[in-house]
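Engineer: File entry.cif below, mmCIF, C-alpha atoms and all ligand atoms:
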```cif
data_query
#
loop_
_atom_site.label_atom_id
_atom_site.label_comp_id
_atom_site.auth_asym_id
_atom_site.auth_seq_id
_atom_site.Cartn_x
_atom_site.Cartn_y
_atom_site.Cartn_z
CA MET A 1 -8.44 -10.19 23.01
CA VAL A 2 -8.98 -6.54 23.56
CA ASN A 3 -10.13 -6.00 27.10
CA ARG A 4 -12.15 -3.06 28.32
CA ARG A 5 -9.19 -1.15 29.66
CA HIS A 6 -7.45 -1.46 26.34
CA PHE A 7 -10.54 -0.49 24.48
CA LEU A 8 -10.87 2.60 26.63
CA THR A 9 -7.24 3.38 26.10
CA ILE A 10 -7.60 3.40 22.37
CA SER A 11 -10.93 5.20 22.59
CA SER A 12 -9.44 7.97 24.61
CA LEU A 13 -6.43 8.02 22.37
CA VAL A 14 -8.33 8.40 19.17
CA GLY A 15 -11.29 10.26 20.61
CA PHE A 16 -9.81 13.66 20.17
CA LEU A 17 -8.12 13.12 16.86
CA PRO A 18 -10.80 14.72 14.66
CA SER A 19 -10.56 17.91 16.65
CA LEU A 20 -6.98 18.27 15.62
CA SER A 21 -7.91 19.33 12.16
CA PHE A 22 -9.80 22.24 13.67
CA GLY A 23 -6.84 24.04 15.06
CA HIS A 24 -5.81 22.18 18.18
CA SER A 25 -2.15 22.30 18.94
CA ARG A 26 0.34 19.94 17.47
CA SER A 27 1.36 18.94 20.91
CA THR A 28 -1.98 17.12 21.27
CA ILE A 29 -1.17 14.73 18.48
CA ALA A 30 2.42 14.64 19.56
CA ASN A 31 1.20 13.33 22.92
CA ALA A 32 -0.91 10.70 21.23
CA SER A 33 1.99 9.69 19.08
CA SER A 34 4.50 9.65 21.85
CA SER A 35 2.20 7.31 23.78
CA LEU A 36 2.50 4.97 20.87
CA LYS A 37 6.21 5.54 20.65
CA ASP A 38 6.52 4.24 24.19
CA ALA A 39 5.31 1.00 22.69
CA GLU A 40 8.46 0.91 20.56
CA THR A 41 7.12 2.55 17.49
CA VAL A 42 9.66 2.25 14.72
CA ALA A 43 10.87 5.44 13.13
CA GLY A 44 14.00 5.78 11.08
CA VAL A 45 16.09 8.66 9.95
CA PRO A 46 18.22 7.56 7.03
CA PRO A 47 20.81 9.97 5.72
CA ILE A 48 19.40 12.32 3.12
CA GLY A 49 20.27 11.16 -0.35
CA PRO A 50 18.91 8.39 -2.48
CA VAL A 51 16.27 6.54 -0.48
CA VAL A 52 14.29 3.45 -1.43
CA ILE A 53 11.64 2.02 0.84
CA SER A 54 8.91 -0.49 0.16
CA THR A 55 6.16 -2.39 1.89
CA TRP A 56 6.78 -5.96 3.07
CA LYS A 57 9.90 -7.98 2.35
CA GLN A 58 11.21 -6.76 -0.96
CA PRO A 59 15.03 -6.63 -0.98
CA LYS A 60 15.27 -7.54 -4.67
CA ALA A 61 12.79 -4.89 -5.68
CA ASN A 62 14.65 -2.31 -3.62
CA ALA A 63 17.96 -3.40 -5.15
CA ALA A 64 16.56 -2.85 -8.65
CA ALA A 65 15.35 0.60 -7.67
CA GLN A 66 18.60 1.43 -5.91
CA ALA A 67 20.58 0.47 -9.04
CA VAL A 68 18.70 3.13 -10.99
CA LEU A 69 19.38 5.76 -8.33
CA ASP A 70 23.05 4.77 -8.05
CA GLN A 71 23.44 5.62 -11.70
CA GLY A 72 21.95 9.04 -11.11
CA GLY A 73 18.52 8.02 -12.41
CA ARG A 74 15.12 9.50 -11.57
CA ALA A 75 13.08 8.31 -8.65
CA LEU A 76 10.29 7.63 -11.13
CA ASP A 77 12.44 5.18 -13.09
CA ALA A 78 13.64 3.65 -9.84
CA VAL A 79 10.18 2.85 -8.45
CA GLU A 80 9.02 1.46 -11.78
CA ALA A 81 12.09 -0.77 -12.08
CA GLY A 82 11.72 -1.81 -8.46
CA VAL A 83 8.13 -2.97 -8.45
CA ARG A 84 8.53 -4.76 -11.77
CA ILE A 85 10.56 -7.36 -9.85
CA PRO A 86 7.66 -8.81 -7.82
CA GLU A 87 5.32 -8.27 -10.78
CA ALA A 88 7.39 -10.79 -12.74
CA ASP A 89 7.97 -13.17 -9.83
CA PRO A 90 5.62 -16.18 -9.89
CA ASP A 91 6.41 -16.86 -6.24
CA ASP A 92 5.05 -13.49 -5.18
CA MET A 93 1.38 -14.36 -5.04
CA SER A 94 0.05 -10.89 -4.34
CA VAL A 95 1.45 -8.98 -7.27
CA GLY A 96 1.45 -9.42 -11.06
CA TYR A 97 2.30 -12.79 -12.59
CA GLY A 98 1.51 -15.54 -10.09
CA GLY A 99 -0.95 -13.33 -8.19
CA ARG A 100 -3.95 -15.00 -6.61
CA PRO A 101 -7.06 -14.77 -8.77
CA ASP A 102 -10.51 -13.45 -8.02
CA ARG A 103 -13.29 -15.81 -6.95
CA ASP A 104 -13.91 -16.77 -10.57
CA GLY A 105 -10.27 -17.63 -11.28
CA HIS A 106 -9.16 -14.47 -13.10
CA VAL A 107 -5.99 -12.59 -12.14
CA THR A 108 -6.85 -8.89 -12.23
CA LEU A 109 -4.27 -6.23 -11.48
CA ASP A 110 -4.35 -2.73 -10.01
CA ALA A 111 -1.40 -0.32 -10.12
CA CYS A 112 -0.51 3.34 -10.01
CA ILE A 113 2.54 5.55 -10.25
CA MET A 114 3.17 9.18 -9.35
CA ASP A 115 6.12 11.45 -10.08
CA GLU A 116 7.67 14.52 -8.51
CA LYS A 117 5.65 16.88 -10.69
CA GLY A 118 2.36 15.48 -9.45
CA ASN A 119 1.75 13.53 -12.65
CA ALA A 120 -0.05 10.27 -12.08
CA GLY A 121 -1.11 7.19 -14.01
CA SER A 122 -3.16 4.20 -13.03
CA VAL A 123 -4.71 0.97 -14.26
CA THR A 124 -7.46 -0.97 -12.56
CA PHE A 125 -8.97 -4.39 -13.23
CA LEU A 126 -6.27 -5.07 -15.80
CA GLU A 127 -5.98 -8.63 -17.07
CA HIS A 128 -3.33 -10.58 -19.00
CA ILE A 129 -0.53 -7.99 -18.73
CA MET A 130 2.34 -8.74 -16.37
CA HIS A 131 3.70 -5.25 -15.77
CA ALA A 132 0.67 -3.25 -14.69
CA ILE A 133 2.97 -0.55 -13.32
CA SER A 134 4.47 0.12 -16.74
CA VAL A 135 1.01 0.34 -18.27
CA ALA A 136 0.12 2.83 -15.51
CA ARG A 137 3.19 4.85 -16.44
CA ALA A 138 2.18 4.77 -20.09
CA VAL A 139 -1.27 6.05 -19.13
CA MET A 140 0.46 8.90 -17.29
CA GLU A 141 2.84 9.78 -20.08
CA LYS A 142 0.95 8.95 -23.26
CA THR A 143 -2.70 9.72 -22.61
CA PRO A 144 -4.58 12.76 -21.37
CA HIS A 145 -6.02 10.58 -18.57
CA VAL A 146 -4.98 9.38 -15.14
CA MET A 147 -6.78 6.04 -14.97
CA LEU A 148 -7.75 3.33 -17.44
CA SER A 149 -9.73 0.29 -16.44
CA GLY A 150 -10.47 -3.28 -17.53
CA GLU A 151 -10.89 -3.91 -21.23
CA GLY A 152 -9.85 -0.36 -22.11
CA ALA A 153 -6.66 -0.63 -20.10
CA PHE A 154 -5.88 -3.97 -21.71
CA THR A 155 -6.47 -2.68 -25.25
CA PHE A 156 -4.35 0.36 -24.50
CA ALA A 157 -1.57 -1.88 -23.17
CA LEU A 158 -1.58 -3.95 -26.36
CA SER A 159 -1.41 -0.76 -28.42
CA GLN A 160 1.71 0.18 -26.47
CA GLY A 161 3.42 -3.11 -27.27
CA PHE A 162 2.72 -4.99 -24.03
CA LYS A 163 2.34 -8.73 -24.49
CA LYS A 164 -0.81 -10.68 -23.63
CA GLU A 165 0.08 -13.38 -21.11
CA ASN A 166 -1.56 -15.90 -18.85
CA LEU A 167 -0.91 -14.63 -15.34
CA LEU A 168 -2.52 -17.54 -13.50
CA THR A 169 0.24 -19.93 -12.50
CA LYS A 170 -0.41 -23.60 -11.74
CA LYS A 171 0.35 -22.95 -8.09
CA ALA A 172 -2.12 -20.07 -7.80
CA GLU A 173 -4.76 -22.04 -9.68
CA LYS A 174 -4.32 -25.04 -7.40
CA GLU A 175 -4.69 -22.92 -4.27
CA TRP A 176 -7.76 -21.22 -5.71
CA ARG A 177 -9.38 -24.58 -6.52
CA GLU A 178 -8.68 -25.71 -2.97
CA TRP A 179 -10.18 -22.52 -1.66
CA LEU A 180 -13.33 -23.09 -3.77
CA LYS A 181 -13.96 -26.40 -2.01
CA THR A 182 -14.40 -24.85 1.38
CA ALA A 183 -15.07 -21.19 0.77
CA LYS A 184 -18.38 -19.67 1.53
CA TYR A 185 -19.20 -16.99 -0.98
CA LYS A 186 -19.41 -13.79 0.98
CA PRO A 187 -19.51 -10.69 -1.15
CA ILE A 188 -17.92 -8.54 1.50
CA ALA A 189 -14.47 -7.13 1.91
CA ASN A 190 -12.39 -9.91 3.37
CA ILE A 191 -9.05 -10.13 5.03
CA GLU A 192 -7.69 -13.00 3.02
CA ARG A 193 -4.07 -12.91 2.02
CA HIS A 194 -2.77 -9.76 0.45
CA ASP A 195 0.65 -8.13 0.27
CA THR A 196 0.74 -5.26 -2.18
CA ILE A 197 4.06 -3.63 -2.96
CA GLY A 198 4.12 0.10 -2.47
CA MET A 199 7.49 1.73 -3.07
CA LEU A 200 8.73 5.27 -2.42
CA ALA A 201 12.04 6.65 -3.63
CA ILE A 202 14.01 9.87 -3.39
CA ASP A 203 16.64 10.42 -6.03
CA GLY A 204 19.92 12.35 -5.97
CA GLN A 205 18.06 15.54 -6.89
CA GLY A 206 15.83 15.11 -3.89
CA ASN A 207 12.80 14.32 -6.04
CA ILE A 208 10.22 11.86 -4.76
CA SER A 209 8.19 9.32 -6.73
CA GLY A 210 6.08 6.34 -5.79
CA ALA A 211 4.58 3.19 -7.26
CA CYS A 212 2.02 0.70 -6.02
CA THR A 213 1.03 -2.58 -7.69
CA THR A 214 -1.03 -5.58 -6.65
CA SER A 215 -3.28 -8.41 -7.68
CA GLY A 216 -5.51 -7.18 -4.87
CA LEU A 217 -7.36 -9.23 -2.34
CA ALA A 218 -7.21 -12.94 -3.02
CA TYR A 219 -10.53 -14.34 -4.22
CA LYS A 220 -12.16 -10.94 -4.39
CA MET A 221 -15.41 -10.45 -6.26
CA ARG A 222 -14.91 -10.12 -9.99
CA GLY A 223 -14.59 -6.46 -10.87
CA ARG A 224 -13.48 -5.44 -7.38
CA VAL A 225 -10.88 -2.69 -7.39
CA GLY A 226 -8.91 -1.82 -4.27
CA ASP A 227 -7.03 1.20 -3.03
CA SER A 228 -3.76 0.41 -4.76
CA PRO A 229 -4.49 2.07 -8.13
CA ILE A 230 -6.25 5.05 -6.59
CA ILE A 231 -4.16 8.17 -6.26
CA GLY A 232 -4.55 9.42 -2.71
CA ALA A 233 -5.63 6.03 -1.37
CA GLY A 234 -2.94 3.43 -2.13
CA LEU A 235 -0.31 6.02 -3.03
CA PHE A 236 0.28 9.74 -2.89
CA VAL A 237 3.33 11.87 -3.55
CA ASP A 238 3.78 15.58 -3.03
CA ASN A 239 7.31 16.52 -3.88
CA GLU A 240 7.27 19.46 -1.45
CA ILE A 241 6.35 17.24 1.47
CA GLY A 242 6.86 13.51 0.96
CA GLY A 243 5.12 10.36 -0.15
CA ALA A 244 3.00 7.63 1.38
CA CYS A 245 1.61 4.26 0.39
CA ALA A 246 -0.75 1.75 1.91
CA THR A 247 -1.29 -1.96 2.11
CA GLY A 248 -4.03 -4.04 3.65
CA LEU A 249 -7.76 -3.91 3.24
CA GLY A 250 -8.20 -1.43 0.42
CA GLU A 251 -11.80 -0.63 1.22
CA LEU A 252 -10.69 0.99 4.47
CA VAL A 253 -7.89 2.91 2.82
CA MET A 254 -10.20 4.23 0.12
CA ARG A 255 -12.79 5.40 2.61
CA THR A 256 -10.21 7.49 4.42
CA CYS A 257 -8.09 8.69 1.45
CA GLY A 258 -5.29 7.08 3.44
CA SER A 259 -2.10 8.00 1.60
CA PHE A 260 -3.26 11.52 0.85
CA LEU A 261 -4.11 11.92 4.51
CA VAL A 262 -0.65 10.76 5.59
CA VAL A 263 1.02 13.27 3.26
CA GLU A 264 -1.29 16.07 4.39
CA LEU A 265 -0.54 15.29 8.02
CA MET A 266 3.17 15.54 7.24
CA ARG A 267 2.45 18.90 5.61
CA GLN A 268 0.89 20.01 8.89
CA GLY A 269 4.06 19.13 10.75
CA ARG A 270 3.77 15.45 11.69
CA THR A 271 6.76 13.21 11.24
CA PRO A 272 6.20 10.32 8.82
CA GLN A 273 5.75 8.07 11.86
CA GLN A 274 3.17 10.30 13.51
CA ALA A 275 1.31 10.74 10.23
CA CYS A 276 1.07 6.97 9.66
CA GLU A 277 -0.12 6.46 13.23
CA GLU A 278 -2.83 9.08 13.00
CA ALA A 279 -4.12 7.79 9.66
CA ALA A 280 -4.36 4.24 11.02
CA LEU A 281 -5.99 5.39 14.25
CA ARG A 282 -8.68 7.23 12.34
CA ILE A 283 -9.65 3.94 10.70
CA ILE A 284 -9.83 2.20 14.05
CA LYS A 285 -11.89 4.96 15.50
CA LYS A 286 -14.59 4.35 12.95
CA GLN A 287 -14.96 0.61 13.37
CA GLU A 288 -14.23 -2.59 15.21
CA PHE A 289 -10.72 -3.49 14.23
CA LYS A 290 -10.38 -7.10 15.34
CA ASP A 291 -10.29 -8.52 11.82
CA ILE A 292 -8.92 -5.74 9.71
CA GLN A 293 -5.44 -4.86 8.61
CA VAL A 294 -4.10 -1.67 7.09
CA GLY A 295 -0.48 -0.57 7.04
CA PHE A 296 0.90 2.80 6.03
CA LEU A 297 4.46 3.63 5.01
CA ALA A 298 5.71 7.18 4.51
CA VAL A 299 8.82 9.15 3.73
CA ASN A 300 9.27 12.90 3.95
CA LYS A 301 11.36 15.33 1.94
CA GLN A 302 14.18 15.03 4.48
CA GLY A 303 14.39 11.29 3.93
CA GLU A 304 12.89 10.40 7.30
CA HIS A 305 10.48 7.52 7.21
CA GLY A 306 7.81 5.92 9.35
CA ALA A 307 5.27 3.11 9.25
CA PHE A 308 2.37 1.88 11.33
CA SER A 309 -0.28 -0.80 11.01
CA ILE A 310 -3.46 -1.86 12.72
CA GLN A 311 -2.50 -5.50 13.26
CA PRO A 312 0.89 -7.10 13.85
CA GLY A 313 2.66 -8.58 10.86
CA PHE A 314 3.26 -5.61 8.62
CA SER A 315 6.88 -4.92 7.73
CA TYR A 316 8.77 -2.76 5.30
CA THR A 317 12.14 -2.87 3.59
CA LEU A 318 14.52 0.06 3.67
CA SER A 319 17.28 0.02 1.08
CA GLN A 320 18.27 -3.51 0.23
CA ASN A 321 18.44 -5.53 3.37
CA LYS A 322 16.88 -3.91 6.33
CA GLN A 323 13.46 -5.38 6.87
CA THR A 324 11.71 -3.74 9.77
CA GLN A 325 8.72 -5.05 11.64
CA VAL A 326 6.20 -2.29 12.13
CA THR A 327 4.60 -1.38 15.43
CA ASP A 328 0.86 -1.86 15.35
CA ALA A 329 -2.17 -0.60 17.18
CA ARG A 330 -3.16 -4.08 18.37
CA SER A 331 0.14 -4.71 20.15
CA TYR A 332 -0.13 -1.34 21.73
CA LEU A 333 -3.45 -2.33 23.25
CA LYS A 334 -2.20 -5.57 24.81
N1 LIG A 401 -4.53 -2.97 -0.60
C1 LIG A 401 -4.70 -4.08 -1.49
C2 LIG A 401 -6.12 -4.15 -1.95
O1 LIG A 401 -7.01 -3.88 -1.17
C3 LIG A 401 -4.35 -5.37 -0.92
C4 LIG A 401 -3.01 -5.44 -0.24
O2 LIG A 401 -2.47 -4.50 0.24
O3 LIG A 401 -2.46 -6.50 -0.18
O4 LIG A 401 -6.35 -4.53 -3.07
#
```
Turn the structure described in the file into C-alpha cells.

Structural biologist:
Amino acid sequence: MVNRRHFLTISSLVGFLPSLSFGHSRSTIANASSSLKDAETVAGVPPIGPVVISTWKQPKANAAAQAVLDQGGRALDAVEAGVRIPEADPDDMSVGYGGRPDRDGHVTLDACIMDEKGNAGSVTFLEHIMHAISVARAVMEKTPHVMLSGEGAFTFALSQGFKKENLLTKKAEKEWREWLKTAKYKPIANIERHDTIGMLAIDGQGNISGACTTSGLAYKMRGRVGDSPIIGAGLFVDNEIGGACATGLGELVMRTCGSFLVVELMRQGRTPQQACEEAALRIIKKQEFKDIQVGFLAVNKQGEHGAFSIQPGFSYTLSQNKQTQVTDARSYLK
C-alpha cells in the first residue's frame, strides 16, 4: 500500500519535472534521480564495443544477436536475429508463435525495427506470420512506408515469401479458453500478462539499432495495437545519442511517446538511467499507478545503459547471461 507520506514523496519528486523542459538546471533532475539512486537504482557501464541488451530474460536472444556482432555484423542484423528467437519459441507466450491471443482467440502481432540511419519499419495487427520483425524490416527496406497493418501487412508478407502459419499453440488456446470461463469483458486497457522483447545493440562501428516485437496484451480487444510497433513509443533509436525501448502497458507508453522521450532526455544530458526514471515518473505523475506497469530500457552512444519501471518485476538481460532486476518506483515508495 502506498501511504500518504510515500504519496507525498513521489508527488514532490515528480511535481517539478515538467518545469525541467523549460530551462531549469540539470542538477534539479539529477537530484530527483539521485534520490532514486539511493534506493539502489541499477545503472551499468559496460565497456564500449559491441553491446546487446534486451527486456526481460532473454539470454538466447542476446546470444543470437551477439553472434552477429562477433562476426563484425551490423547492429540491425543483430537485433533482428536476436528477437527472432522468442518469436519462434512456443514457450514464450508474449511474442510471436505461441503468443497469447486476443479476446476472440486470434494471435495478432506488433513489431518495429529501427537502424542507425533513422530508417524504420513496422507492422501492426499482423496475423499468421511468425517473424513479425522480419516483415517490419521488409517494410523498412522494400516499401516507401514505415508501417503496414492487418490484412495489408499480411498480404505484403506473403508477397515477400513469408509463410502463412497458425500461431495459436494448444497451450495458448487452452489458457485462453480457461480465461474465457471467468473473464469479465472489460474493453479497457488491462494489466494482464505481457512481456514484449525490446532489444538494443551497438555494433563494432558504434552504430545503434533496435527491435521490438510482441503479441501484445493477452486477451486484448480485437484490433488493439500497442506501443511496440510505434516508432517513438515502443522503440526509438537516434544514432547520435542512443536508443530506448519500452515494455508494459502500451497505452501509457503511447500517450507519453515513451522511448522518444527517453532518447531526448539523454540528448539533454541525462544518463540512460536518469532518462528512464524521468520518463516513468512522468507517467506516474499523470495517474494513479497502483495497477499499471511500464518499464523502460535505454543505452547511450557510450554503451552505458539504464532501466527503470513503475512496478517491481521488470528485468533486462545484458549480453548473454546477466539478468538484472530493475529498480522500480513502487519499491522506492515503500
Ligand atoms: N507493451 C506491450 C503492449 O502494450 C505489452 C508488453 O510489453 O508486454 O502491447

Engineer: Could you please determine the separation between atom CA of Gly210 of chain A and atom CA of Val237 of chain A in Å, to one decimal place?

Structural biologist: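 Separation between atom CA of Gly210 of chain A and atom CA of Val237 of chain A: 6.6 Å.
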
Engineer: Record the distance separating atom CA of Gly118 of chain A and atom CA of Gly73 of chain A, expressed in Å with one decimal.

Structural biologist: 18.0 Å

Engineer: Please extract the residues at most 8 Å from ligand LIG 401 (chain A), counting all atoms listed in the file, and provide them as an MDAnalysis selection string, using the chain letters and residue numbers of this document.

Structural biologist: chainID A and resid 94 110 193:197 214:217 225:228 234 246:251 253 294

Engineer: So, with all atoms listed in the file as the atoms that count, which of A:Thr256, A:Thr324, A:Asn300, A:Thr143 lies closest to Asp238 of chain A?

Structural biologist: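 Of A:Thr256, A:Thr324, A:Asn300, A:Thr143, the one nearest Asp238 of chain A is A:Asn300, counting all atoms listed in the file.
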
Engineer: Counting all atoms listed in the file, which residue out of A:Ala211, A:Trp176, A:Val135, A:Thr169 sits closest to Asp77 of chain A?

Structural biologist: A:Ala211

Engineer: Choose the residue, out of A:Thr317, A:Asn239, A:Asn166, A:Asn62, that has the smallest atom-to-atom separation from His106 of chain A; count all atoms listed in the file.

Structural biologist: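 Selected residue with least distance to His106 of chain A: A:Asn166.
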
Engineer: In Å, rounded to a single decimal, give me how far atom CA of Gly243 of chain A is from atom CA of Val51 of chain A.

Structural biologist: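 Separation between atom CA of Val51 of chain A and atom CA of Gly243 of chain A: 11.8 Å.
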
Engineer: Using all atoms listed in the file, which protein or nucleic acid residues come within 6 Å of Leu167 of chain A? Drop anything in the same chain fewer than 6 positions from it, and give the result as a list in words.

Structural biologist: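 Non-adjacent residues within range: Tyr97, Gly98 and His128 of chain A.
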